[in-house]
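Trainee: Sharing target05.txt here; it has compact mmCIF, N, CA and C atoms.
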```txt
# COMPACT_ATOMS: atom_id res chain seq x y z
N MET O 1 6.83 8.21 13.15
CA MET O 1 5.96 7.07 12.89
C MET O 1 6.62 5.81 13.41
N ASN O 2 5.84 4.75 13.50
CA ASN O 2 6.32 3.48 14.03
C ASN O 2 6.94 2.61 12.96
N PRO O 3 7.83 1.68 13.36
CA PRO O 3 8.39 0.73 12.39
C PRO O 3 7.30 -0.15 11.78
N VAL O 4 7.56 -0.62 10.58
CA VAL O 4 6.62 -1.48 9.85
C VAL O 4 7.33 -2.80 9.58
N ARG O 5 6.95 -3.86 10.32
CA ARG O 5 7.70 -5.11 10.25
C ARG O 5 6.91 -6.29 9.69
N ASN O 6 5.60 -6.18 9.57
CA ASN O 6 4.83 -7.33 9.08
C ASN O 6 3.66 -6.86 8.21
N GLU O 7 2.94 -7.82 7.65
CA GLU O 7 1.87 -7.49 6.71
C GLU O 7 0.73 -6.70 7.36
N LYS O 8 0.42 -7.00 8.60
CA LYS O 8 -0.65 -6.26 9.28
C LYS O 8 -0.29 -4.78 9.43
N GLU O 9 0.96 -4.50 9.78
CA GLU O 9 1.41 -3.11 9.91
C GLU O 9 1.47 -2.42 8.56
N VAL O 10 1.88 -3.15 7.51
CA VAL O 10 1.89 -2.60 6.15
C VAL O 10 0.47 -2.24 5.74
N GLU O 11 -0.49 -3.11 6.03
CA GLU O 11 -1.88 -2.84 5.66
C GLU O 11 -2.41 -1.59 6.35
N SER O 12 -2.04 -1.40 7.62
CA SER O 12 -2.46 -0.22 8.35
C SER O 12 -1.90 1.06 7.73
N VAL O 13 -0.61 1.06 7.40
CA VAL O 13 0.02 2.23 6.77
C VAL O 13 -0.58 2.47 5.39
N ALA O 14 -0.80 1.39 4.63
CA ALA O 14 -1.37 1.52 3.29
C ALA O 14 -2.78 2.10 3.35
N LYS O 15 -3.56 1.69 4.34
CA LYS O 15 -4.92 2.22 4.48
C LYS O 15 -4.89 3.73 4.74
N ARG O 16 -4.03 4.16 5.65
CA ARG O 16 -3.92 5.59 5.93
C ARG O 16 -3.47 6.36 4.69
N ALA O 17 -2.50 5.81 3.96
CA ALA O 17 -1.98 6.50 2.77
C ALA O 17 -3.04 6.62 1.68
N THR O 18 -3.80 5.55 1.44
CA THR O 18 -4.82 5.61 0.39
C THR O 18 -5.94 6.56 0.78
N GLU O 19 -6.26 6.64 2.07
CA GLU O 19 -7.29 7.60 2.50
C GLU O 19 -6.81 9.04 2.32
N VAL O 20 -5.53 9.28 2.54
CA VAL O 20 -4.98 10.62 2.31
C VAL O 20 -4.99 10.95 0.82
N LEU O 21 -4.59 9.97 -0.01
CA LEU O 21 -4.50 10.22 -1.45
C LEU O 21 -5.86 10.23 -2.15
N TYR O 22 -6.78 9.35 -1.73
CA TYR O 22 -8.02 9.16 -2.47
C TYR O 22 -9.29 9.52 -1.70
N GLY O 23 -9.18 9.85 -0.42
CA GLY O 23 -10.34 10.22 0.37
C GLY O 23 -10.81 9.09 1.27
N SER O 24 -11.79 9.39 2.09
CA SER O 24 -12.25 8.42 3.10
C SER O 24 -13.26 7.41 2.58
N ASN O 25 -13.63 7.47 1.31
CA ASN O 25 -14.60 6.54 0.74
C ASN O 25 -13.97 5.24 0.26
N VAL O 26 -12.70 5.02 0.55
CA VAL O 26 -12.00 3.81 0.12
C VAL O 26 -12.62 2.59 0.81
N GLU O 27 -12.91 1.53 0.02
CA GLU O 27 -13.52 0.31 0.55
C GLU O 27 -12.70 -0.90 0.14
N ASN O 28 -12.78 -1.97 0.92
CA ASN O 28 -12.19 -3.28 0.59
C ASN O 28 -10.71 -3.20 0.27
N LEU O 29 -9.94 -2.49 1.04
CA LEU O 29 -8.50 -2.41 0.80
C LEU O 29 -7.86 -3.75 1.13
N LYS O 30 -7.04 -4.25 0.20
CA LYS O 30 -6.34 -5.52 0.38
C LYS O 30 -4.90 -5.37 -0.10
N VAL O 31 -3.97 -5.95 0.66
CA VAL O 31 -2.59 -6.03 0.21
C VAL O 31 -2.52 -7.20 -0.75
N ARG O 32 -2.29 -6.90 -2.01
CA ARG O 32 -2.28 -7.92 -3.05
C ARG O 32 -0.93 -8.62 -3.12
N THR O 33 0.15 -7.84 -3.08
CA THR O 33 1.51 -8.37 -3.13
C THR O 33 2.36 -7.60 -2.14
N LEU O 34 3.22 -8.32 -1.42
CA LEU O 34 4.11 -7.67 -0.46
C LEU O 34 5.50 -8.27 -0.63
N LEU O 35 6.45 -7.42 -1.03
CA LEU O 35 7.82 -7.86 -1.27
C LEU O 35 8.80 -7.01 -0.48
N PRO O 36 9.89 -7.63 0.02
CA PRO O 36 10.93 -6.82 0.66
C PRO O 36 11.70 -6.03 -0.39
N TYR O 37 12.17 -4.84 -0.01
CA TYR O 37 12.90 -4.00 -0.95
C TYR O 37 14.20 -3.54 -0.30
N PRO O 38 15.37 -3.63 -0.89
CA PRO O 38 15.67 -4.08 -2.25
C PRO O 38 15.71 -5.60 -2.39
N ASN O 39 15.98 -6.35 -1.27
CA ASN O 39 15.93 -7.80 -1.34
C ASN O 39 15.71 -8.37 0.06
N GLU O 40 15.55 -9.69 0.14
CA GLU O 40 15.23 -10.35 1.41
C GLU O 40 16.31 -10.14 2.47
N GLN O 41 17.59 -10.18 2.08
CA GLN O 41 18.68 -10.08 3.03
C GLN O 41 18.91 -8.65 3.53
N ASN O 42 18.68 -7.66 2.71
CA ASN O 42 18.94 -6.26 3.05
C ASN O 42 17.68 -5.42 3.01
N ARG O 43 16.62 -5.92 3.60
CA ARG O 43 15.33 -5.22 3.53
C ARG O 43 15.41 -3.87 4.24
N GLU O 44 15.11 -2.82 3.49
CA GLU O 44 15.02 -1.48 4.04
C GLU O 44 13.59 -0.96 3.98
N ALA O 45 12.81 -1.57 3.10
CA ALA O 45 11.45 -1.10 2.87
C ALA O 45 10.58 -2.26 2.38
N TRP O 46 9.31 -1.98 2.26
CA TRP O 46 8.34 -2.93 1.71
C TRP O 46 7.77 -2.36 0.42
N ASP O 47 7.70 -3.20 -0.60
CA ASP O 47 7.03 -2.84 -1.84
C ASP O 47 5.66 -3.51 -1.79
N ALA O 48 4.64 -2.72 -1.55
CA ALA O 48 3.29 -3.26 -1.36
C ALA O 48 2.38 -2.82 -2.51
N GLN O 49 1.72 -3.80 -3.11
CA GLN O 49 0.73 -3.51 -4.14
C GLN O 49 -0.63 -3.72 -3.49
N VAL O 50 -1.45 -2.68 -3.45
CA VAL O 50 -2.75 -2.76 -2.80
C VAL O 50 -3.86 -2.50 -3.80
N THR O 51 -5.00 -3.11 -3.54
CA THR O 51 -6.20 -2.87 -4.35
C THR O 51 -7.30 -2.37 -3.42
N PHE O 52 -8.18 -1.55 -3.97
CA PHE O 52 -9.33 -1.06 -3.21
C PHE O 52 -10.39 -0.56 -4.18
N LEU O 53 -11.60 -0.40 -3.66
CA LEU O 53 -12.72 0.13 -4.44
C LEU O 53 -12.98 1.57 -4.04
N LEU O 54 -13.28 2.38 -5.04
CA LEU O 54 -13.64 3.77 -4.81
C LEU O 54 -14.67 4.16 -5.86
N ASP O 55 -15.88 4.44 -5.42
CA ASP O 55 -16.97 4.84 -6.32
C ASP O 55 -17.20 3.83 -7.44
N GLY O 56 -17.15 2.54 -7.10
CA GLY O 56 -17.42 1.49 -8.07
C GLY O 56 -16.27 1.16 -9.00
N ILE O 57 -15.12 1.75 -8.81
CA ILE O 57 -13.94 1.49 -9.63
C ILE O 57 -12.88 0.83 -8.74
N GLN O 58 -12.24 -0.23 -9.26
CA GLN O 58 -11.16 -0.88 -8.53
C GLN O 58 -9.83 -0.23 -8.91
N TYR O 59 -9.08 0.18 -7.92
CA TYR O 59 -7.77 0.80 -8.10
C TYR O 59 -6.68 -0.17 -7.63
N THR O 60 -5.56 -0.17 -8.33
CA THR O 60 -4.37 -0.90 -7.90
C THR O 60 -3.25 0.13 -7.78
N VAL O 61 -2.67 0.21 -6.58
CA VAL O 61 -1.65 1.21 -6.28
C VAL O 61 -0.42 0.51 -5.71
N ASP O 62 0.75 0.95 -6.13
CA ASP O 62 2.02 0.43 -5.63
C ASP O 62 2.59 1.43 -4.63
N LEU O 63 2.95 0.95 -3.43
CA LEU O 63 3.49 1.81 -2.37
C LEU O 63 4.85 1.28 -1.93
N LEU O 64 5.82 2.15 -1.76
CA LEU O 64 7.12 1.79 -1.20
C LEU O 64 7.16 2.39 0.20
N ILE O 65 7.18 1.51 1.21
CA ILE O 65 7.04 1.93 2.61
C ILE O 65 8.34 1.61 3.36
N ASN O 66 8.97 2.62 3.95
CA ASN O 66 10.18 2.41 4.75
C ASN O 66 9.86 1.55 5.95
N GLU O 67 10.72 0.56 6.20
CA GLU O 67 10.50 -0.33 7.33
C GLU O 67 10.76 0.37 8.67
N LYS O 68 11.77 1.21 8.75
CA LYS O 68 12.16 1.78 10.05
C LYS O 68 11.18 2.81 10.60
N ASP O 69 10.47 3.53 9.71
CA ASP O 69 9.59 4.58 10.21
C ASP O 69 8.21 4.62 9.55
N GLY O 70 7.93 3.75 8.61
CA GLY O 70 6.61 3.70 7.98
C GLY O 70 6.32 4.80 6.98
N GLN O 71 7.34 5.59 6.64
CA GLN O 71 7.14 6.66 5.66
C GLN O 71 6.97 6.08 4.25
N ILE O 72 6.08 6.65 3.47
CA ILE O 72 5.88 6.26 2.08
C ILE O 72 6.82 7.10 1.23
N THR O 73 7.73 6.43 0.53
CA THR O 73 8.69 7.17 -0.30
C THR O 73 8.28 7.20 -1.76
N ASN O 74 7.36 6.33 -2.16
CA ASN O 74 6.90 6.33 -3.55
C ASN O 74 5.50 5.73 -3.60
N ALA O 75 4.61 6.36 -4.33
CA ALA O 75 3.27 5.84 -4.55
C ALA O 75 2.92 6.06 -6.01
N ARG O 76 2.43 5.00 -6.67
CA ARG O 76 2.04 5.17 -8.06
C ARG O 76 0.81 4.34 -8.38
N LEU O 77 -0.04 4.92 -9.17
CA LEU O 77 -1.25 4.25 -9.63
C LEU O 77 -0.86 3.30 -10.74
N ILE O 78 -1.21 2.02 -10.58
CA ILE O 78 -0.88 1.03 -11.59
C ILE O 78 -2.05 0.82 -12.55
N ASP O 79 -3.28 0.74 -12.01
CA ASP O 79 -4.41 0.38 -12.86
C ASP O 79 -5.73 0.82 -12.22
N THR O 80 -6.70 1.09 -13.07
CA THR O 80 -8.08 1.26 -12.64
C THR O 80 -8.94 0.41 -13.55
N MET O 81 -10.01 -0.16 -12.99
CA MET O 81 -10.91 -0.97 -13.81
C MET O 81 -12.27 -1.09 -13.13
N VAL O 82 -13.26 -1.40 -13.92
CA VAL O 82 -14.58 -1.69 -13.38
C VAL O 82 -14.55 -3.15 -12.98
N PRO O 83 -14.81 -3.46 -11.70
CA PRO O 83 -14.75 -4.87 -11.26
C PRO O 83 -15.83 -5.70 -11.93
N LEU O 84 -15.53 -6.98 -12.09
CA LEU O 84 -16.47 -7.91 -12.72
C LEU O 84 -17.67 -8.18 -11.86
```
Here is the file; what I need is its structure written in the form of structure tokens.

Mentor:
Amino acid sequence: MNPVRNEKEVESVAKRATEVLYGSNVENLKVRTLLPYPNEQNREAWDAQVTFLLDGIQYTVDLLINEKDGQITNARLIDTMVPL
């Protein structure tokens, strides 16, 4: 896979990952929070919190994406809710 160096590349990787995990019906995917991991000076990965809609439910998922190859090393569901 390709390196992931900016928010646009993170969004692309996150979109592919959510489609693999949740199916192709994912809508309105947005990167809510993007932080370097473990810190700004020694960034090895991106900690991205993304939100999306699936069948009328809003999901919030946390993804840890390696910067050098775009591999997802951790994915966890944070929250689901009915949007307002």

Trainee: Is there a way to get, as a ChimeraX atom specification, all residues within 10 Å of the point (0.9, -7.0, 5.4) in file coordinates, counting only C-alpha atoms?

Mentor: /O:4-14,30-35,46,48,50

Trainee: Which residue out of O:Met81, O:Glu67, O:Arg76, O:Lys15 has the minimum interatomic distance to O:Asn2 when only N, CA and C atoms are used?

Mentor: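 Selected residue with least distance to O:Asn2: O:Glu67.
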
Trainee: Looking at only N, CA and C atoms, which of O:Asp69, O:Leu77, O:Tyr37, O:Val26 is the one that sits closest to O:Leu54?

Mentor: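 Among the listed residues, the smallest separation from O:Leu54 belongs to O:Val26.
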
Trainee: Report as a PyMOL selection string all protein, DNA and RNA residues lying within 9 Å of O:Ile72, evaluated on only C-alpha atoms, omitting residues in the same chain fewer than 6 positions from it.

Mentor: chain O and resi 13-14+17+63-66

Trainee: Find the distance between atom CA of O:Gln49 and atom N of O:Lys68 and write it in Å to one decimal.

Mentor: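 A separation of 17.6 Å between them.
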
Trainee: Using only N, CA and C atoms, which of O:Asn28, O:Asn74, O:Asn39, O:Thr18 sits nearest O:Leu53?

Mentor: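 Looking at the shortest contact to O:Leu53, the residue is O:Asn28.
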
Trainee: In Å to one decimal, how far is atom N of O:Glu19 from atom C of O:Arg43?

Mentor: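 A separation of 24.2 Å between them.
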
Trainee: Which residue out of O:Gly70, O:Ala75, O:Pro38, O:Pro83 has the minimum interatomic distance to O:Gln58 when only C-alpha atoms are used?

Mentor: O:Pro83
